[in-house]
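Asks: Dumping the structure here so I can ask a few things about it.
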Amino acid sequence: MAAGCARTPKPQAPHPAATAKSSALRVLPLVPLPASLERHDGAFTITPKTTLSVASQDAAVQRSARQLAELVRRSTGITLASAPPGAAADGAISLRLDDQQKSLGAEGYELTIAPQSVSLTAATPAGLFYGVQTIRQLLPASSEYEAVLFQEPRPATLPALHIRDWPRFAWRGAMLDVARHFFSVEDVERYVDLLALHKMNRLHLHLADDQGWRIEIKKWPGLTTKGGQSEVGGTPGGFYTQAQFAGLVSYAADRFVTIVPEIDLPGHTNAALSSYPELNCNGVAPSPRFDTEVGYSSLCVDKDVTYTFIDDVVGEIAALTPGPYFHAGGDEVKTLTPEQYKKFIERVQTIVQAHGKQMIGWDEIAATSLHLSSIVQHWRPDAAKSEISRAPKLILSPADRAYIDMKYDDETALGLKWAALIPLKNAYEWNPATLVPGAAADAVLGVEAALWSETLANMRDVEFLAFPRLAAIAEVAWSPQERRDWDDFRARVGAQAPRWTALGVNFFRAPEIEWAR
């Protein structure tokens with residue numbers, strides 16, 4: 001198993017009661033659905049006497065505790081007093097690392113809400129973080145408003161229950177295209193926050209394309225001073241300095257989200273080609289492009305300077321990105337012969353490895369000779385499954401299910417429809433385990449929702465196409481297949497409306513959902 005790609009260990013089977021799809025479970029506003037959940041009688045009431053006990057000085061655990069305390073304060077006006085670990089449990093909310101929870105894997109947790117106390121335990125800080133997100137969804141939606149003021153504290157209740165939860169897949173991702181249209185640091189941080197709320201743990205940033213180059217490369221400054229100034233439609237673009245990008249990586253890591261940088265190669269490179277003539281076979285820089293055509297551009301794969309360029313780019317980005325991955329694109333290359341393409345990908349793969357990263361590429365790279373550590377991201381519904389099934393590792397982003405830049409229906413103003421119209425049900429009802437017949441069970445790392453930005457000029461546009469479908473993909477990636485049910489999901493996602501509204505999310509009110517007020 002490649003480093004950084006281990007699947008979450010499968011814990012013991014849950015109690016049969018946990019898998020029953022009773023009407024009582026459907027009203028809990030939890031997305032994604034926990035692996036094992038039992039309801040009990042009663043509720044825990046948060047009052048001014050409630051305390052918070054945190055049995056760890058780990059910085060990440062302390063961050064999760066502070067987040068929980070702030071959510072409680074916003075929703076109740078109550079500031080939780082600290083209680084020492086091991087103090088009397090009555091009236092306490094406790095967070096604790098526990099090695100005995102290792103059976104739940106690196107991201108699992110156990111949550112027990114009883115009338116007298118709340119106990120959250122996990123083997124890792126990540127597990128406690130995801131347990132806090134579950135408590136967050138059980139708190140009143142007013143916890144999401146930053147400026148709520150109370151004349152006096154008001155109690156809030158949490159339903160009595162027992163949850164043992166762990167993710168189905170280690171890779172639960174979302175891709176945001178910041179190249180076709182540029183999005184600010186603050187925009188990306190907001191997207192990270194929304195991913196974390198739904199227990200997603202990868203943010204794949206598409207940092208370069210024909211229309212713009214979005215990250216500073218010190219050895220090749222023209223990439224941003226020239227190639228970073230445009231975007232689709234000819235409006236001003238933008239780019240991240242290396243300090244800004246490092247800040248994004250750190251911000252995401254604090255929320256257990258790994259940034260996956262992508263520089264698409266050798267195609268989708270007009271922004272680079274227009275910045276540096278020597279990257280073109282004829283030595284002439286093409287004009288910048290502001291349209292949405294694909295397949296016409298390529299680095300000159302026979303020039304040595306091309307590989308110096310790639311080595312410099314990969315090296316500088318790798319140094320800013322502690323995560324183990326570098327996405328090298330490889331899609332929609334129409335100007336090279338199959339042999340040229342194969343030699344290029346295999347050479348780039350070696351460069352990426354030399355900088356200590358695993359190469360990821362779109363599913364066209366499956367036709368090349370890949371190292372065991374390399375990862376294929378499957379996106380073309382009509383791609384040869386026999387070829388893709390041989391990939392060492394797979395991320396699944398089927399365009400007719402997980403490309404959430406597609407329109408919901410023919411009436412949707414934003415988005416495209418070349419892959420399919422994708423209503424919410426279609427984004428939800430598919431099984432990653434059966435998508436690629438013949439693929440080894442341990443080859444599938446997980447699922448990623450891709451959001452391309454040809455028609456998206458701002459974060460309101462992003463959120464409109466992302467939600468509620470991103471919540472559906474989050475559940476596909478987290479929850480056991482046998483636990484998932486469309487009617488059950490419809491009720492739970494509808495209950496998210498007050499929380500998303502409080503967060504200011506511009507979500508699409510899918511007509512098949514009864515949205516809570």
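Chains: A, B, ... in order of the structure tokens. Residues: from 1 per chain. Ligands: from 1, in order shown.
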Using DSSP secondary structure from the backbone, list all strand (DSSP E) positions within range 158-251 of chain A, as a list of chain:residue names.
Replies: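 The strand (DSSP E) residues within range 158-251 of chain A come out as A:Leu158, A:Pro159, A:Ala160, A:Leu161, A:His162, A:Ile163, A:Arg164, A:Asp165, A:Trp171, A:Arg172, A:Gly173, A:Ala174, A:Met175, A:Leu176, A:Asp177, A:Arg202, A:Leu203, A:His204, A:Leu205, A:His206, A:Ala208, A:Asp209, A:Gly212, A:Trp213.
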Asks: Using only C-alpha atoms, determine which residues lie at most 9 Å from Trp379 in chain A, disregarding the query and same-chain residues fewer than 6 positions distant; provide the list as a PDB file with N, CA and C atoms, in the first residue's frame.
Replies:
```
ATOM      1  N   TRP A 362      -5.371  12.524 -14.411  1.00  0.00           N
ATOM      2  CA  TRP A 362      -6.693  12.147 -14.922  1.00  0.00           C
ATOM      3  C   TRP A 362      -6.593  10.815 -15.665  1.00  0.00           C
ATOM      4  N   ASP A 363      -7.718  10.182 -15.937  1.00  0.00           N
ATOM      5  CA  ASP A 363      -7.676   8.759 -16.291  1.00  0.00           C
ATOM      6  C   ASP A 363      -7.003   8.452 -17.630  1.00  0.00           C
ATOM      7  N   ILE A 395      -8.965   7.242  -7.770  1.00  0.00           N
ATOM      8  CA  ILE A 395      -9.921   8.189  -7.218  1.00  0.00           C
ATOM      9  C   ILE A 395     -11.071   8.259  -8.216  1.00  0.00           C
ATOM     10  N   LEU A 396     -12.292   8.224  -7.729  1.00  0.00           N
ATOM     11  CA  LEU A 396     -13.449   8.152  -8.618  1.00  0.00           C
ATOM     12  C   LEU A 396     -14.180   9.486  -8.665  1.00  0.00           C
ATOM     13  N   SER A 397     -14.219  10.056  -9.868  1.00  0.00           N
ATOM     14  CA  SER A 397     -14.925  11.321 -10.119  1.00  0.00           C
ATOM     15  C   SER A 397     -15.725  11.192 -11.409  1.00  0.00           C
ATOM     16  N   PRO A 398     -16.635  10.230 -11.511  1.00  0.00           N
ATOM     17  CA  PRO A 398     -17.363  10.052 -12.769  1.00  0.00           C
ATOM     18  C   PRO A 398     -18.121  11.323 -13.139  1.00  0.00           C
ATOM     19  N   ALA A 399     -17.888  11.812 -14.342  1.00  0.00           N
ATOM     20  CA  ALA A 399     -18.415  13.123 -14.719  1.00  0.00           C
ATOM     21  C   ALA A 399     -19.933  13.167 -14.726  1.00  0.00           C
ATOM     22  N   ASP A 400     -20.588  12.032 -14.953  1.00  0.00           N
ATOM     23  CA  ASP A 400     -22.046  12.028 -14.984  1.00  0.00           C
ATOM     24  C   ASP A 400     -22.661  11.878 -13.592  1.00  0.00           C
ATOM     25  N   ALA A 402     -20.344  12.994 -10.448  1.00  0.00           N
ATOM     26  CA  ALA A 402     -19.562  13.764  -9.483  1.00  0.00           C
ATOM     27  C   ALA A 402     -19.002  15.071 -10.039  1.00  0.00           C
ATOM     28  N   TYR A 403     -19.295  15.415 -11.297  1.00  0.00           N
ATOM     29  CA  TYR A 403     -18.907  16.722 -11.827  1.00  0.00           C
ATOM     30  C   TYR A 403     -20.023  17.701 -11.479  1.00  0.00           C
TER      31      TYR A 403
END
```
Asks: Set the distance at 9 Å and use only C-alpha atoms: which residues neighbour Gln496 in chain A once local chain neighbours fewer than 6 positions away are removed? I'd like the list as a list in words.
Replies: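 Counting only the stated atoms, we get Pro29, Leu30, Val31, Gln137, Ala141, Trp515 and Ala516 of chain A.
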Asks: For Pro153 in chain A, please output as a ChimeraX atom specification all residues within 6 Å (counting only C-alpha atoms; exclusion window: fewer than 4 positions along the same chain).
Replies: /A:76-78
Asks: So that I have them on file, write out the residues from the current selection with C-alpha atoms, as a compact mmCIF listing (two decimals), in the first residue's frame.
Replies:
```txt
# COMPACT_ATOMS: atom_id res chain seq x y z
CA THR A 76 -27.19 29.37 23.71
CA GLY A 77 -25.34 32.42 24.96
CA ILE A 78 -23.61 30.08 27.43
```
Asks: When you look at Gln133 in chain A with a cut-off of 8 Å (counting only C-alpha atoms), what residues show up, excluding the ones that are within fewer than 2 positions of it in the same chain? I need them as a list in words.
Replies: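 Returned residues: Phe129, Tyr130, Gly131, Ile135, Arg136, Gln137, Ala196, Leu197, His198 and Lys199 of chain A.
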Asks: Write out as a PyMOL selection string each polymer residue whose atoms come within 8 Å of range 503-514 of chain A, counting only C-alpha atoms; drop sequence neighbours fewer than 4 positions from it.
Replies: chain A and resi 144-145+423-424+460-461+463-468+490-491+493-494+499
Asks: Tell me which protein, DNA and RNA residues are within 9 Å of Gly173 in chain A, counting only C-alpha atoms, leaving out same-chain ones fewer than 5 positions away, and put them as a ChimeraX atom specification.
Replies: /A:195,200-204,257,446-450,473-474,477
Asks: Each residue of range 49-120 of chain A lying at most 12 Å from range 164-171 of chain A should get a row with its shortest atom-to-atom pair and the distance in Å to one decimal, counting only C-alpha atoms; could you produce that, ordered by chain and increasing number, as a Markdown table?
Replies:
```
| residue | atom | partner | partner_atom | distance |
| --- | --- | --- | --- | --- |
| A:Gln101 | CA | A:Arg164 | CA | 9.7 |
| A:Lys102 | CA | A:Trp166 | CA | 10.7 |
| A:Ser103 | CA | A:Trp166 | CA | 9.5 |
| A:Leu104 | CA | A:Trp166 | CA | 5.8 |
| A:Gly105 | CA | A:Trp166 | CA | 6.9 |
| A:Ala106 | CA | A:Trp166 | CA | 8.4 |
| A:Glu107 | CA | A:Trp166 | CA | 6.2 |
| A:Gly108 | CA | A:Trp166 | CA | 4.1 |
| A:Tyr109 | CA | A:Asp165 | CA | 5.5 |
| A:Glu110 | CA | A:Arg164 | CA | 4.5 |
| A:Leu111 | CA | A:Arg164 | CA | 6.5 |
| A:Thr112 | CA | A:Arg164 | CA | 8.7 |
| A:Ile113 | CA | A:Arg164 | CA | 11.8 |
| A:Ser119 | CA | A:Arg164 | CA | 11.8 |
| A:Leu120 | CA | A:Arg164 | CA | 10.0 |
```
Asks: Could you check the closest approach to Pro324 in chain A for each of A:Val54, A:Leu97, A:Ala271, A:Ile360 and tell me which residue wins, using only C-alpha atoms?
Replies: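 The shortest atom-to-atom distance to Pro324 in chain A comes from A:Ile360.
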Asks: Apply DSSP to the backbone of this structure and, from range 20-114 of chain A, keep only the residues in helix (DSSP H, G or I); write these as a ChimeraX atom specification.
Replies: /A:23-26,59-76,99-104
Asks: Ranking A:Ala60, A:Leu273, A:Cys300, A:Ser117 by minimum distance to Gly42 in chain A and counting only C-alpha atoms, which one comes first?
Replies: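 For Gly42 in chain A, the nearest of the given residues is A:Ser117.
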